[in-house]
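**Q** Sharing a structure, written as structure tokens. Questions coming.
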Amino acid sequence: MPNQRPAIMVQRSEFVDITALVDTATNGGSCPFRTQDPLICVARTDMGRSQILMAPNFSLYDAMMALEIMEPRMDSGMLLPSNPAPRWSVLHAQTIVRFTGGEILGIVDRLLSKTVSWLLGAHLSQTVFTCVLAHNPHACKSALVRTLIIALLKSTHKMKTIVESARVVEDDEFFGFLPHGFSLANEVADSEAFEDLMRAENSVQSQIRSMELGSSGELSTNDSEVVDGDELAAPVFFEDEIESDRRKQYLEAIIARIRFVKFFLSSLVYVAKQNHDSAKKCLAQCLVQINECKSSLNFSKDMGIAFDTLVNRKLMSDSPPRTVVEPESLDAAYESIRIIVEHILEVMNMLTASGSGEPGWDDVLTFIARFGSRKNRPGPLERSILVSSFTYDHKLHGRTRFHDVLVSSVIKAYPPTVDIFFAPTATPAMIECVREFSLNMAGEDESATTNAHPNQSFNLGLLERLIVVFGGYNRALVRRNMAKIARELESAQASLERFEAAMYAANVSVASEGEESHPFYFSSWIYQLKLWTLETYLLMGFEQELYSEFEYPMVLWYLDRVYEFQLVNMARSKSAFDKPGISVLELLWQFQQQSDKNLISNSSRKNSQKQRSNLRPAQRIDEFVSKSLSSISVRDIYEARVMVRQLVIRGNLLFSFATVNAGLVRQPSGPATAFYSPEVTYNHRFKLFLEMGSPTPQGYREYSSADRVFREYGTSNLLERAKLFFDEGRQLCEFAEAFNKRFYTASTATVASSKVITSPASTGASEVINAATISADDTSAELRQLLRSCIDGSVTVAKLLGDGTAEIAWTRVLGERAGAGQRVFGYSEGGQWYINKI
């Protein structure tokens with residue numbers, strides 16, 4: 001048996017030596033445990049520390065039972081501490097007639113904190129039901145406390161139902177098992193709970209008005225007396241030491257809790273009913289009330305006496321105990337709730353903005369990518385709401401069939417397809433090609449029924465699965481499933497290429513004159529999505545710290561190749577357009593040339609300094625953008641974003657090779673790595689890529705050639721080149737951001753004006769504005785992150801180069817971080833590259 005056990009209190013992380021306890025138990029001394037097993041008595045003298053005894057018939061059941069031994073939440077035979085902190089029993093709590101204002105606040109705040117702990121993966125028995133008043137809330141004598149606890153239990157039931165119905169959360173991060181004999185007040189109707197909350201709020205407001213009219217606010221001896229036949233009309237009780245002017249502040253704090261519980265429960269009800277507009281309004285009110293609750297936490301009394309962690313022992317015997325992650329304080333608990341509410345509100349904003357149909361598949365994918373990669377990661381509840389709302393009834397936003405989403409996205413990416421595949425003159429081969437594309441990606445074709453029976457088996461398409469995986473799963477599972485989706489996209493691309501080749505063979509007129517190769521629109525669309533999937537797959541490896549620092553150069557090099565394939569594919573697709581347009585990068589070059597010419601021209605004039613200061617750089621960019629806005633499209637802005645990503649990656653790639661050349665990165669060495677092979681590591685990391693037909697696999701031979709070239713450069717040379725990439729990325733990022741703001745503003749105004757002309761009484765214009773604003777905000781958020789990465793990288797490299805020699809600077813950095821285990825640079829949780837500052 002082990003000689004050590006975890007400490008009783010979860011908050012303590014040290015281990016307690018129980019050798020003396022075992023000695024006392026086996027020798028017959030005074031001890032809370034006794035042993036009659038001779039094997040244990042013999043093992044006491046023969047076994048050493050950290051040794052474990054395993055019987056021949058040791059089973060999984062024995063292992064589960066061993067976890068119960070001396071675990072205070074499960075071991076019903078363990079004696080309680082000699083001087084435990086006072087706690088109410090369940091029966092005693094049901095006899096309490098009145099609660100003071102501070103006690104009511106303390107119970108509600110602590111129960112909300114326990115709910116946050118439950119959402120972090122603990123048992124209901126360890127969190128919500130440690131509140132002795134929640135075991136049988138209907139027996140509570142105080143009507144106000146009873147109303148609040150029932151509403152909070154119903155909120156827990158709604159959250160549990162939403163998460164379990166979405167089926168995207170793993171058991172290790174959410175545990176919704178309801179202990180036997182307990183209830184989450186689902187026997188109470190929603191309307192009844194809301195009515196009680198409204199009556200409770202009116203009662204407390206009446207007490208405040210009475211105090212404002214000059215009443216002393218004193219209560220009669222029997223403060224639980226029913227007023228006008230309504231228990232909730234009984235006034236709130238206060239201690240004698242609470243001054244009259246502060247009692248109003250207590251009552252206002254209680255009203256803030258009542259309103260928050262009411263609005264939060266209402267939002268969950270509306271979310272479950274897919275009423276996104278009403279849910280959004282309730283969530284906005286929740287944020288207001290959270291601020292009120294946080295500002296009045298000083299009135300909340302510590303009510304640990306009403307929460308007993310040992311009351312529910314043996315209620316979890318079917319599963320091992322889990323560590324309870326408690327918020328550090330009540331303020332931290334409300335902050336966690338605020339983050340949850342903001343995440344859900346973001347989803348509701350996207351869904352309500354999508355009512356105009358403006359955000360398509362590309363906008364949704366960008367939103368989900370940004371939603372999941374933020375620093376404050378969405379929890380099980382937010383991810384479940386996202387998936388269930390965006391894929392409701394197997395439709396995007398619950399309204400648009402994925403087949404229609406596909407068609408809209410393809411037309412948006414490749415406008416010539418409108419006159420080829422979706423025209424009345426389309427041939428049977430073209431129609432079959434579209435059908436095959438829809439079956440592969442949407443799981444349906446154009447002839448599919450719009451309202452399938454709920455019990456009917458539905459072929460989940462790749463688009464819907466991508467939302468489920470990328471929006472619903474935790475980050476570790478996302479990366480694993482992204483590899484599977486990439487392989488399926490590879491298969492779908494190959495299938496569509498065969499269909500399109502056969503179609504072009506039968507319809508030669510489809511291709512433009514003089515073209516040597518036909519534009520494979522549908523397979524190119526899948527190929528672009530596959531490249532995005534592969535890019536995300538590699539980046540998530542940095543995010544989850546799966547790569548060692550000595551692997552950074554090879555991963556960054558391959559990521560640069562993925563970006564190159566994306567840009568080549570977009571350029572090839574653009575060449576099929578009647579008017580390909582001009583890229584944002586080319587416009588930047590034109591702007592720079594124009595600025596240089598103006599600078600030379602102004603330098604020959606008098607008072608040139610005064611003339612040049614009339615327009616700031618930002619104003620000159622805005623003026624140039626407004627003139628060139630008509631020559632770009634959404635696809636050009638996306639292309640600029642990919643270019644900026646590639647420039648950032650290239651800067652980090654050269655920086656990583658500089659760290660290797662300077663000896664900052666420790667390479668595998670020693671006996672433990674005697675069999676280490678860089679080629680084996682490379683083939684393992686990029687197994688997914690090497691098995692694919694496209695993009696062209698980049699084997700270890702190609703990487704080793706690039707590695708030899710980079711190692712020939714000196715450290716200073718590599719840093720100088722890295723700074724050039726960071727600076728170019730910064731300029732392109734600022735330029736793309738200016739185009740992004742102007743483009744979405746112009747497109748919104750155009751659509752809004754057309755809406756007003758066709759339907760003056762409709763509210764479609766405001767919805768379009770909101771939709772375009774969200775799309776612009778998602779793009780701006782990514783560009784801001786990339787801009788910070790460029791600026792940080794450029795400043796850090798410039799500082800290194802400014803120290804005289806890069807080798808001296810590297811030596812100083814290495815000395816500062818020796819033994820600290822710090823990474824020189826990496827990829828943050830918020831989706832931003834960083835270089836540790838010097």
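Letters A, B, ... mark the chains of the structure tokens in the order given; residue numbers begin at 1 per chain; ligand numbers begin at 1, in order shown.
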Quick one: residues within 9 Å of Leu365 of chain A, only C-alpha atoms counted, chain neighbours fewer than 5 positions away excluded, as a list in words?
**A**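 In the requested form, the answer reads Gly360, Arg370, Leu466, Ile467 and Phe470 of chain A.
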**Q** For the residues in the current selection, export C-alpha atoms as a PDB file, in the first residue's frame.
**A**
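Below is the file that was written, result09.pdb:
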```pdb
ATOM      1  CA  GLY A 360     -21.368  33.534 -45.373  1.00  0.00           C
ATOM      2  CA  ARG A 370     -11.028  33.768 -33.588  1.00  0.00           C
ATOM      3  CA  LEU A 466     -15.806  21.465 -39.340  1.00  0.00           C
ATOM      4  CA  ILE A 467     -18.031  23.743 -37.233  1.00  0.00           C
ATOM      5  CA  PHE A 470     -13.392  23.578 -34.589  1.00  0.00           C
TER       6      PHE A 470
END
```
**Q** Which residue out of A:Asp727, A:Glu464, A:Glu239, A:Glu679 has the minimum interatomic distance to Ser389 of chain A when only C-alpha atoms are used?
**A**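 Smallest distance to Ser389 of chain A is found for A:Glu464.
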**Q** For Ser203 of chain A, list every protein, DNA or RNA residue within 10 Å, evaluated using only C-alpha atoms, and leave out those in the same chain fewer than 5 positions away; present the list as number ranges by chain.
**A** A: 144, 197-198, 208-209, 230-236, 255
**Q** Give me, as a ChimeraX atom specification, all polymer residues having an atom no more than 7 Å from Ile96 of chain A, counting only C-alpha atoms and skipping those fewer than 3 positions away in the same chain.
**A** /A:92-93,141
**Q** Can you write out the residues you just picked, keeping all heavy atoms, as an mmCIF file, in the first residue's frame?
**A**
```
data_model
loop_
_atom_site.group_PDB
_atom_site.id
_atom_site.type_symbol
_atom_site.label_atom_id
_atom_site.label_comp_id
_atom_site.auth_asym_id
_atom_site.auth_seq_id
_atom_site.Cartn_x
_atom_site.Cartn_y
_atom_site.Cartn_z
ATOM 1 N N HIS A 92 -30.952 21.260 9.878
ATOM 2 C CA HIS A 92 -30.921 22.537 10.588
ATOM 3 C C HIS A 92 -31.169 23.700 9.622
ATOM 4 O O HIS A 92 -31.866 24.665 9.971
ATOM 5 C CB HIS A 92 -29.577 22.719 11.287
ATOM 6 C CG HIS A 92 -29.414 24.066 11.916
ATOM 7 N ND1 HIS A 92 -30.118 24.452 13.049
ATOM 8 C CD2 HIS A 92 -28.649 25.140 11.566
ATOM 9 C CE1 HIS A 92 -29.785 25.696 13.369
ATOM 10 N NE2 HIS A 92 -28.892 26.130 12.485
ATOM 11 N N ALA A 93 -30.619 23.617 8.417
ATOM 12 C CA ALA A 93 -30.805 24.696 7.453
ATOM 13 C C ALA A 93 -32.277 24.862 7.084
ATOM 14 O O ALA A 93 -32.731 25.979 6.800
ATOM 15 C CB ALA A 93 -29.972 24.427 6.200
ATOM 16 N N LYS A 141 -37.386 27.903 4.727
ATOM 17 C CA LYS A 141 -38.431 28.731 5.330
ATOM 18 C C LYS A 141 -38.455 30.148 4.751
ATOM 19 O O LYS A 141 -39.509 30.784 4.760
ATOM 20 C CB LYS A 141 -38.224 28.803 6.847
ATOM 21 C CG LYS A 141 -38.254 27.464 7.556
ATOM 22 C CD LYS A 141 -39.628 26.816 7.469
ATOM 23 C CE LYS A 141 -39.655 25.522 8.284
ATOM 24 N NZ LYS A 141 -40.977 24.843 8.166
#
```
**Q** Segment 624-739 of chain A near segment 792-796 of chain A within 8 Å: what's each residue's closest atom pair and its distance in Å to one decimal, counting only C-alpha atoms, ordered by chain then ascending residue number, as JSON lines?
**A**
```
{"residue": "A:Gly651", "atom": "CA", "partner": "A:Gly793", "partner_atom": "CA", "distance": 7.8}
{"residue": "A:Asn652", "atom": "CA", "partner": "A:Gly793", "partner_atom": "CA", "distance": 7.9}
{"residue": "A:Ala722", "atom": "CA", "partner": "A:Ser794", "partner_atom": "CA", "distance": 7.9}
{"residue": "A:Lys723", "atom": "CA", "partner": "A:Ser794", "partner_atom": "CA", "distance": 5.1}
{"residue": "A:Phe726", "atom": "CA", "partner": "A:Ser794", "partner_atom": "CA", "distance": 5.5}
{"residue": "A:Asp727", "atom": "CA", "partner": "A:Ser794", "partner_atom": "CA", "distance": 6.4}
```
**Q** Could you write those residues out with N, CA, C and O atoms, as a PDB file, in the first residue's frame?
**A**
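Saved result, result01.pdb, follows:
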```pdb
ATOM      1  N   GLY A 651       9.881  36.055 -40.907  1.00  0.00           N
ATOM      2  CA  GLY A 651      10.705  36.738 -39.919  1.00  0.00           C
ATOM      3  C   GLY A 651      11.055  35.839 -38.759  1.00  0.00           C
ATOM      4  O   GLY A 651      12.212  35.788 -38.304  1.00  0.00           O
ATOM      5  N   ASN A 652      10.068  35.083 -38.265  1.00  0.00           N
ATOM      6  CA  ASN A 652      10.339  34.145 -37.172  1.00  0.00           C
ATOM      7  C   ASN A 652      11.207  32.977 -37.621  1.00  0.00           C
ATOM      8  O   ASN A 652      11.982  32.438 -36.837  1.00  0.00           O
ATOM      9  N   ALA A 722      15.514  39.145 -41.050  1.00  0.00           N
ATOM     10  CA  ALA A 722      14.273  38.958 -40.285  1.00  0.00           C
ATOM     11  C   ALA A 722      13.594  40.297 -40.032  1.00  0.00           C
ATOM     12  O   ALA A 722      12.359  40.416 -40.130  1.00  0.00           O
ATOM     13  N   LYS A 723      14.392  41.315 -39.710  1.00  0.00           N
ATOM     14  CA  LYS A 723      13.819  42.649 -39.472  1.00  0.00           C
ATOM     15  C   LYS A 723      13.164  43.193 -40.741  1.00  0.00           C
ATOM     16  O   LYS A 723      12.109  43.859 -40.673  1.00  0.00           O
ATOM     17  N   PHE A 726       9.766  41.611 -40.925  1.00  0.00           N
ATOM     18  CA  PHE A 726       8.859  42.185 -39.933  1.00  0.00           C
ATOM     19  C   PHE A 726       8.405  43.583 -40.355  1.00  0.00           C
ATOM     20  O   PHE A 726       7.217  43.922 -40.225  1.00  0.00           O
ATOM     21  N   ASP A 727       9.317  44.401 -40.850  1.00  0.00           N
ATOM     22  CA  ASP A 727       8.963  45.763 -41.262  1.00  0.00           C
ATOM     23  C   ASP A 727       8.021  45.748 -42.465  1.00  0.00           C
ATOM     24  O   ASP A 727       7.053  46.521 -42.524  1.00  0.00           O
TER      25      ASP A 727
END
```
**Q** Contacts of Val288 of chain A at 10 Å or less, counting only C-alpha atoms, minus same-chain residues fewer than 4 places along, as a VMD selection string?
**A** chain A and resid 256 259 to 260 283 to 284 292 to 293 338
**Q** Could you tell me how far atom CA of Ile305 of chain A sits from atom CA of Arg87 of chain A, in Å to one decimal place?
**A** 4.4 Å
**Q** Please compute the atom CA of Asp190 of chain A-atom CA of Ile150 of chain A distance, one decimal, in Å.
**A**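 Distance between the two atoms: 10.5 Å.
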**Q** Report the distance between atom CA of Ser583 of chain A and atom CA of Ser409 of chain A in Å, rounded to one decimal place.
**A** 20.2 Å
**Q** I'd like the contact shell of Asn481 of chain A - 10 Å cut-off, only C-alpha atoms, skipping same-chain residues fewer than 3 positions apart - returned as an NGL selection string.
**A** :A and (465-466 or 469-470 or 473 or 475-478 or 484-487 or 537)
**Q** Hey, what does DSSP flag as alpha helix (DSSP H) within segment 690-753 of chain A? Can you give it to me as a PyMOL selection string?
**A** chain A and resi 690+700-712+715-753
**Q** Keeping only N, CA and C atoms, write the selected residues to a file as a short mmCIF file (atom, residue, chain, number, x, y, z; two decimals), in the first residue's frame.
**A**
```
data_model
loop_
_atom_site.label_atom_id
_atom_site.label_comp_id
_atom_site.auth_asym_id
_atom_site.auth_seq_id
_atom_site.Cartn_x
_atom_site.Cartn_y
_atom_site.Cartn_z
N LEU A 690 3.08 14.52 -45.80
CA LEU A 690 3.81 13.67 -46.73
C LEU A 690 2.93 12.61 -47.36
N TYR A 700 12.21 15.60 -46.41
CA TYR A 700 13.34 16.02 -45.58
C TYR A 700 14.51 16.50 -46.43
N ARG A 701 14.64 15.99 -47.63
CA ARG A 701 15.74 16.42 -48.49
C ARG A 701 15.59 17.91 -48.83
N GLU A 702 14.37 18.36 -49.12
CA GLU A 702 14.17 19.78 -49.42
C GLU A 702 14.47 20.64 -48.19
N TYR A 703 14.03 20.17 -47.03
CA TYR A 703 14.29 20.96 -45.82
C TYR A 703 15.77 21.01 -45.49
N SER A 704 16.47 19.88 -45.62
CA SER A 704 17.90 19.87 -45.29
C SER A 704 18.68 20.79 -46.22
N SER A 705 18.25 20.91 -47.48
CA SER A 705 18.91 21.84 -48.40
C SER A 705 18.71 23.28 -47.92
N ALA A 706 17.47 23.61 -47.54
CA ALA A 706 17.22 24.96 -47.02
C ALA A 706 17.96 25.20 -45.71
N ASP A 707 18.06 24.17 -44.89
CA ASP A 707 18.77 24.30 -43.61
C ASP A 707 20.25 24.62 -43.83
N ARG A 708 20.87 23.97 -44.80
CA ARG A 708 22.28 24.24 -45.09
C ARG A 708 22.49 25.67 -45.57
N VAL A 709 21.55 26.16 -46.37
CA VAL A 709 21.66 27.54 -46.87
C VAL A 709 21.57 28.54 -45.72
N PHE A 710 20.58 28.33 -44.83
CA PHE A 710 20.40 29.27 -43.73
C PHE A 710 21.57 29.24 -42.75
N ARG A 711 22.15 28.08 -42.55
CA ARG A 711 23.26 27.98 -41.61
C ARG A 711 24.53 28.66 -42.14
N GLU A 712 24.60 28.89 -43.44
CA GLU A 712 25.76 29.58 -44.00
C GLU A 712 25.73 31.07 -43.68
N THR A 715 24.82 35.22 -37.88
CA THR A 715 23.70 35.59 -37.02
C THR A 715 23.20 36.98 -37.32
N SER A 716 24.11 37.93 -37.48
CA SER A 716 23.70 39.31 -37.77
C SER A 716 22.95 39.39 -39.10
N ASN A 717 23.43 38.67 -40.10
CA ASN A 717 22.78 38.70 -41.41
C ASN A 717 21.35 38.16 -41.32
N LEU A 718 21.18 37.08 -40.59
CA LEU A 718 19.84 36.50 -40.44
C LEU A 718 18.92 37.46 -39.71
N LEU A 719 19.43 38.14 -38.68
CA LEU A 719 18.60 39.08 -37.93
C LEU A 719 18.21 40.28 -38.80
N GLU A 720 19.14 40.76 -39.61
CA GLU A 720 18.83 41.89 -40.49
C GLU A 720 17.73 41.51 -41.48
N ARG A 721 17.83 40.30 -42.05
CA ARG A 721 16.80 39.86 -42.99
C ARG A 721 15.45 39.64 -42.27
N ALA A 722 15.51 39.14 -41.05
CA ALA A 722 14.27 38.96 -40.28
C ALA A 722 13.59 40.30 -40.03
N LYS A 723 14.39 41.31 -39.71
CA LYS A 723 13.82 42.65 -39.47
C LYS A 723 13.16 43.19 -40.74
N LEU A 724 13.76 42.94 -41.89
CA LEU A 724 13.15 43.39 -43.14
C LEU A 724 11.77 42.77 -43.34
N PHE A 725 11.64 41.47 -43.04
CA PHE A 725 10.33 40.81 -43.18
C PHE A 725 9.33 41.38 -42.18
N PHE A 726 9.77 41.61 -40.93
CA PHE A 726 8.86 42.18 -39.93
C PHE A 726 8.40 43.58 -40.36
N ASP A 727 9.32 44.40 -40.85
CA ASP A 727 8.96 45.76 -41.26
C ASP A 727 8.02 45.75 -42.46
N GLU A 728 8.29 44.87 -43.43
CA GLU A 728 7.40 44.78 -44.59
C GLU A 728 6.02 44.28 -44.18
N GLY A 729 5.99 43.33 -43.25
CA GLY A 729 4.70 42.85 -42.75
C GLY A 729 3.93 43.94 -42.03
N ARG A 730 4.63 44.79 -41.27
CA ARG A 730 3.96 45.90 -40.58
C ARG A 730 3.33 46.87 -41.57
N GLN A 731 4.08 47.22 -42.62
CA GLN A 731 3.54 48.16 -43.61
C GLN A 731 2.34 47.58 -44.34
N LEU A 732 2.44 46.32 -44.75
CA LEU A 732 1.31 45.70 -45.45
C LEU A 732 0.11 45.54 -44.53
N CYS A 733 0.37 45.27 -43.25
CA CYS A 733 -0.73 45.10 -42.29
C CYS A 733 -1.47 46.41 -42.09
N GLU A 734 -0.75 47.51 -41.92
CA GLU A 734 -1.40 48.81 -41.77
C GLU A 734 -2.19 49.18 -43.02
N PHE A 735 -1.64 48.87 -44.18
CA PHE A 735 -2.31 49.18 -45.45
C PHE A 735 -3.57 48.33 -45.60
N ALA A 736 -3.48 47.03 -45.28
CA ALA A 736 -4.65 46.15 -45.39
C ALA A 736 -5.74 46.55 -44.41
N GLU A 737 -5.37 47.01 -43.22
CA GLU A 737 -6.36 47.44 -42.23
C GLU A 737 -7.13 48.67 -42.74
N ALA A 738 -6.42 49.59 -43.40
CA ALA A 738 -7.09 50.77 -43.97
C ALA A 738 -8.09 50.36 -45.05
N PHE A 739 -7.70 49.42 -45.90
CA PHE A 739 -8.62 48.92 -46.93
C PHE A 739 -9.78 48.18 -46.30
N ASN A 740 -9.52 47.42 -45.25
CA ASN A 740 -10.57 46.63 -44.61
C ASN A 740 -11.67 47.54 -44.05
N LYS A 741 -11.27 48.61 -43.36
CA LYS A 741 -12.27 49.52 -42.79
C LYS A 741 -13.08 50.20 -43.87
N ARG A 742 -12.38 50.72 -44.88
CA ARG A 742 -13.08 51.44 -45.95
C ARG A 742 -13.97 50.50 -46.76
N PHE A 743 -13.50 49.29 -47.02
CA PHE A 743 -14.26 48.37 -47.88
C PHE A 743 -15.57 47.97 -47.21
N TYR A 744 -15.53 47.58 -45.94
CA TYR A 744 -16.76 47.15 -45.27
C TYR A 744 -17.70 48.32 -45.04
N THR A 745 -17.15 49.52 -44.81
CA THR A 745 -18.01 50.68 -44.66
C THR A 745 -18.75 50.99 -45.96
N ALA A 746 -18.02 50.91 -47.07
CA ALA A 746 -18.64 51.19 -48.37
C ALA A 746 -19.66 50.13 -48.74
N SER A 747 -19.32 48.85 -48.53
CA SER A 747 -20.26 47.78 -48.90
C SER A 747 -21.50 47.81 -48.03
N THR A 748 -21.34 48.16 -46.76
CA THR A 748 -22.50 48.25 -45.86
C THR A 748 -23.43 49.38 -46.29
N ALA A 749 -22.85 50.52 -46.64
CA ALA A 749 -23.67 51.64 -47.07
C ALA A 749 -24.44 51.32 -48.35
N THR A 750 -23.79 50.59 -49.26
CA THR A 750 -24.45 50.24 -50.52
C THR A 750 -25.63 49.31 -50.29
N VAL A 751 -25.40 48.24 -49.47
CA VAL A 751 -26.48 47.29 -49.21
C VAL A 751 -27.59 47.92 -48.40
N ALA A 752 -27.21 48.78 -47.43
CA ALA A 752 -28.22 49.41 -46.60
C ALA A 752 -29.11 50.34 -47.42
N SER A 753 -28.50 51.10 -48.32
CA SER A 753 -29.31 52.00 -49.15
C SER A 753 -30.26 51.23 -50.05
#
```
**Q** Apply DSSP to the structure's backbone, then extract all residues of segment 261-472 of chain A labelled strand (DSSP E) and return them as a list in words.
**A**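 Going through segment 261-472 of chain A, the strand (DSSP E) residues come out as Lys395, Leu396, Thr400 and Arg401 of chain A.
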